[in-house]
$ cat protein-v7.pdb   # PDB, C-alpha atoms
ATOM      1  CA  MET A   1      48.402 -12.762 -32.309  1.00  0.00           C
ATOM      2  CA  ARG A   2      46.110 -10.826 -29.987  1.00  0.00           C
ATOM      3  CA  PRO A   3      47.440  -7.788 -28.160  1.00  0.00           C
ATOM      4  CA  ARG A   4      47.952  -8.155 -24.425  1.00  0.00           C
ATOM      5  CA  ALA A   5      45.028  -7.232 -22.252  1.00  0.00           C
ATOM      6  CA  SER A   6      45.701  -4.225 -20.073  1.00  0.00           C
ATOM      7  CA  ARG A   7      43.783  -5.655 -17.119  1.00  0.00           C
ATOM      8  CA  PRO A   8      44.118  -9.179 -15.829  1.00  0.00           C
ATOM      9  CA  ASP A   9      40.968 -11.229 -15.628  1.00  0.00           C
ATOM     10  CA  ALA A  10      39.713 -12.856 -12.450  1.00  0.00           C
ATOM     11  CA  LEU A  11      41.048 -16.270 -13.445  1.00  0.00           C
ATOM     12  CA  GLN A  12      44.598 -14.911 -13.720  1.00  0.00           C
ATOM     13  CA  SER A  13      44.317 -13.222 -10.332  1.00  0.00           C
ATOM     14  CA  VAL A  14      42.988 -16.376  -8.684  1.00  0.00           C
ATOM     15  CA  THR A  15      45.760 -18.432 -10.268  1.00  0.00           C
ATOM     16  CA  VAL A  16      48.395 -16.109  -8.794  1.00  0.00           C
ATOM     17  CA  LEU A  17      46.713 -16.032  -5.365  1.00  0.00           C
ATOM     18  CA  GLU A  18      46.405 -19.831  -5.275  1.00  0.00           C
ATOM     19  CA  ALA A  19      50.043 -20.303  -6.227  1.00  0.00           C
ATOM     20  CA  LEU A  20      51.211 -17.749  -3.657  1.00  0.00           C
ATOM     21  CA  ALA A  21      49.151 -19.378  -0.928  1.00  0.00           C
ATOM     22  CA  ALA A  22      50.525 -22.814  -1.781  1.00  0.00           C
ATOM     23  CA  LEU A  23      54.139 -21.608  -1.850  1.00  0.00           C
ATOM     24  CA  ALA A  24      53.783 -19.487   1.303  1.00  0.00           C
ATOM     25  CA  ALA A  25      53.913 -22.581   3.505  1.00  0.00           C
ATOM     26  CA  GLN A  26      57.297 -23.459   2.041  1.00  0.00           C
ATOM     27  CA  HIS A  27      58.813 -19.957   2.241  1.00  0.00           C
ATOM     28  CA  GLY A  28      57.108 -18.467   5.308  1.00  0.00           C
ATOM     29  CA  ASP A  29      57.627 -14.834   6.299  1.00  0.00           C
ATOM     30  CA  ALA A  30      60.556 -14.411   3.907  1.00  0.00           C
ATOM     31  CA  GLY A  31      58.079 -14.315   1.034  1.00  0.00           C
ATOM     32  CA  VAL A  32      57.829 -16.332  -2.145  1.00  0.00           C
ATOM     33  CA  PRO A  33      60.596 -15.648  -4.679  1.00  0.00           C
ATOM     34  CA  PHE A  34      59.248 -14.433  -8.021  1.00  0.00           C
ATOM     35  CA  LYS A  35      61.092 -17.217  -9.850  1.00  0.00           C
ATOM     36  CA  ASP A  36      59.285 -19.857  -7.774  1.00  0.00           C
ATOM     37  CA  LEU A  37      55.944 -18.184  -8.459  1.00  0.00           C
ATOM     38  CA  GLN A  38      56.760 -18.013 -12.150  1.00  0.00           C
ATOM     39  CA  ALA A  39      57.667 -21.710 -12.210  1.00  0.00           C
ATOM     40  CA  ALA A  40      54.453 -22.646 -10.368  1.00  0.00           C
ATOM     41  CA  THR A  41      52.239 -20.743 -12.819  1.00  0.00           C
ATOM     42  CA  ARG A  42      54.176 -21.418 -16.027  1.00  0.00           C
ATOM     43  CA  SER A  43      51.707 -23.984 -17.354  1.00  0.00           C
ATOM     44  CA  ARG A  44      48.734 -21.656 -16.783  1.00  0.00           C
ATOM     45  CA  LEU A  45      50.070 -18.124 -17.352  1.00  0.00           C
ATOM     46  CA  ASN A  46      52.719 -16.646 -19.602  1.00  0.00           C
ATOM     47  CA  TYR A  47      55.182 -14.123 -18.192  1.00  0.00           C
ATOM     48  CA  HIS A  48      53.173 -11.058 -19.237  1.00  0.00           C
ATOM     49  CA  ALA A  49      49.906 -12.386 -17.832  1.00  0.00           C
ATOM     50  CA  LEU A  50      51.662 -13.242 -14.553  1.00  0.00           C
ATOM     51  CA  THR A  51      53.272  -9.821 -14.179  1.00  0.00           C
ATOM     52  CA  ASP A  52      50.063  -7.998 -15.136  1.00  0.00           C
ATOM     53  CA  ALA A  53      48.014  -9.983 -12.609  1.00  0.00           C
ATOM     54  CA  LEU A  54      50.680  -9.631  -9.948  1.00  0.00           C
ATOM     55  CA  ASN A  55      50.997  -5.876 -10.397  1.00  0.00           C
ATOM     56  CA  ALA A  56      47.211  -5.492 -10.208  1.00  0.00           C
ATOM     57  CA  LEU A  57      47.103  -7.576  -7.014  1.00  0.00           C
ATOM     58  CA  VAL A  58      49.890  -5.498  -5.457  1.00  0.00           C
ATOM     59  CA  ASN A  59      48.052  -2.279  -6.368  1.00  0.00           C
ATOM     60  CA  GLU A  60      44.853  -3.647  -4.802  1.00  0.00           C
ATOM     61  CA  GLY A  61      46.664  -4.705  -1.624  1.00  0.00           C
ATOM     62  CA  ALA A  62      46.016  -8.426  -2.056  1.00  0.00           C
ATOM     63  CA  VAL A  63      49.742  -9.120  -2.415  1.00  0.00           C
ATOM     64  CA  ARG A  64      52.669  -7.267  -0.902  1.00  0.00           C
ATOM     65  CA  ARG A  65      56.281  -7.086  -1.913  1.00  0.00           C
ATOM     66  CA  VAL A  66      58.461  -8.319   0.944  1.00  0.00           C
ATOM     67  CA  THR A  67      61.593  -7.175  -0.901  1.00  0.00           C
ATOM     68  CA  GLU A  68      62.017  -5.294  -4.177  1.00  0.00           C
ATOM     69  CA  LYS A  69      65.402  -6.556  -5.278  1.00  0.00           C
ATOM     70  CA  LEU A  70      65.310 -10.297  -5.728  1.00  0.00           C
ATOM     71  CA  ALA A  71      61.554  -9.918  -5.592  1.00  0.00           C
ATOM     72  CA  ARG A  72      59.804 -11.796  -2.828  1.00  0.00           C
ATOM     73  CA  LEU A  73      56.058 -11.659  -2.492  1.00  0.00           C
ATOM     74  CA  ALA A  74      53.516 -12.521   0.176  1.00  0.00           C
ATOM     75  CA  ILE A  75      49.755 -12.838   0.132  1.00  0.00           C
ATOM     76  CA  THR A  76      47.956 -10.456   2.507  1.00  0.00           C
ATOM     77  CA  ASP A  77      44.776 -10.955   4.515  1.00  0.00           C
ATOM     78  CA  ALA A  78      42.893  -9.104   1.780  1.00  0.00           C
ATOM     79  CA  GLY A  79      44.343 -11.551  -0.747  1.00  0.00           C
ATOM     80  CA  ARG A  80      43.297 -14.547   1.337  1.00  0.00           C
ATOM     81  CA  LYS A  81      39.800 -13.122   1.643  1.00  0.00           C
ATOM     82  CA  ARG A  82      39.613 -12.541  -2.100  1.00  0.00           C
ATOM     83  CA  ARG A  83      40.867 -16.062  -2.830  1.00  0.00           C
ATOM     84  CA  ASN A  84      38.243 -17.513  -0.477  1.00  0.00           C
ATOM     85  CA  GLU A  85      35.521 -15.495  -2.215  1.00  0.00           C
ATOM     86  CA  TYR A  86      36.512 -17.033  -5.558  1.00  0.00           C
ATOM     87  CA  ARG A  87      36.420 -20.508  -4.060  1.00  0.00           C
ATOM     88  CA  SER A  88      32.842 -20.185  -2.834  1.00  0.00           C
TER      89      SER A  88
END

$ encode --input "protein-v7.pdb" --output "structure tokens"
Amino acid sequence: MRPRASRPDALQSVTVLEALAALAAQHGDAGVPFKDLQAATRSRLNYHALTDALNALVNEGAVRRVTEKLARLAITDAGRKRRNEYRS
């Protein structure tokens, strides 16, 4: 078993941004619950990869925490821009 990478790769970040953007329409300004994000990315990312990528995106300002307790997350304009850069 390989040790966990300390930094998420670009594919993990894009996966999280894509899932957040898709779920944002359903949840609106209230933010996407972490459990919904986890369920949406389960087939592509394990829990550790998801949390590592998510924490990196929050630190970079691409994702913001709407609430801490019962974590809800929202993609920011910087996150949308970054996602669009990956698409092109």

$ resolve_selection --input "protein-v7.pdb" --expression "the PyMOL selection byres ((chain A and resi 60-64) around 9)" --output "list in words"
Leu17, Leu20, Leu54, Asn55, Ala56, Leu57, Val58, Asn59, Arg65, Val66, Thr67, Arg72, Leu73, Ala74, Ile75, Thr76, Asp77, Ala78, Gly79, Arg80, Lys81 and Arg82 of chain A

$ write_last_selection --input "protein-v7.pdb" --atoms "C-alpha atoms" --output "PDB file, keeping the file's coordinate frame"
ATOM      1  CA  LEU A  17      46.713 -16.032  -5.365  1.00  0.00           C
ATOM      2  CA  LEU A  20      51.211 -17.749  -3.657  1.00  0.00           C
ATOM      3  CA  LEU A  54      50.680  -9.631  -9.948  1.00  0.00           C
ATOM      4  CA  ASN A  55      50.997  -5.876 -10.397  1.00  0.00           C
ATOM      5  CA  ALA A  56      47.211  -5.492 -10.208  1.00  0.00           C
ATOM      6  CA  LEU A  57      47.103  -7.576  -7.014  1.00  0.00           C
ATOM      7  CA  VAL A  58      49.890  -5.498  -5.457  1.00  0.00           C
ATOM      8  CA  ASN A  59      48.052  -2.279  -6.368  1.00  0.00           C
ATOM      9  CA  ARG A  65      56.281  -7.086  -1.913  1.00  0.00           C
ATOM     10  CA  VAL A  66      58.461  -8.319   0.944  1.00  0.00           C
ATOM     11  CA  THR A  67      61.593  -7.175  -0.901  1.00  0.00           C
ATOM     12  CA  ARG A  72      59.804 -11.796  -2.828  1.00  0.00           C
ATOM     13  CA  LEU A  73      56.058 -11.659  -2.492  1.00  0.00           C
ATOM     14  CA  ALA A  74      53.516 -12.521   0.176  1.00  0.00           C
ATOM     15  CA  ILE A  75      49.755 -12.838   0.132  1.00  0.00           C
ATOM     16  CA  THR A  76      47.956 -10.456   2.507  1.00  0.00           C
ATOM     17  CA  ASP A  77      44.776 -10.955   4.515  1.00  0.00           C
ATOM     18  CA  ALA A  78      42.893  -9.104   1.780  1.00  0.00           C
ATOM     19  CA  GLY A  79      44.343 -11.551  -0.747  1.00  0.00           C
ATOM     20  CA  ARG A  80      43.297 -14.547   1.337  1.00  0.00           C
ATOM     21  CA  LYS A  81      39.800 -13.122   1.643  1.00  0.00           C
ATOM     22  CA  ARG A  82      39.613 -12.541  -2.100  1.00  0.00           C
TER      23      ARG A  82
END

$ resolve_selection --input "protein-v7.pdb" --expression "the PyMOL selection byres ((chain A and resi 16) around 8)" --output "list in words"
Gln12, Ser13, Val14, Thr15, Leu17, Glu18, Ala19, Leu20, Leu37, Thr41, Leu50, Ala53 and Leu54 of chain A

$ atom_distance --input "protein-v7.pdb" --atom1 "atom CA of Leu45 of chain A" --atom2 "atom CA of Tyr86 of chain A"
18.0 Å

$ atom_distance --input "protein-v7.pdb" --atom1 "atom CA of Phe34 of chain A" --atom2 "atom CA of Ser88 of chain A"
27.5 Å

$ atom_distance --input "protein-v7.pdb" --atom1 "atom CA of Ala10 of chain A" --atom2 "atom CA of Asn46 of chain A"
15.3 Å
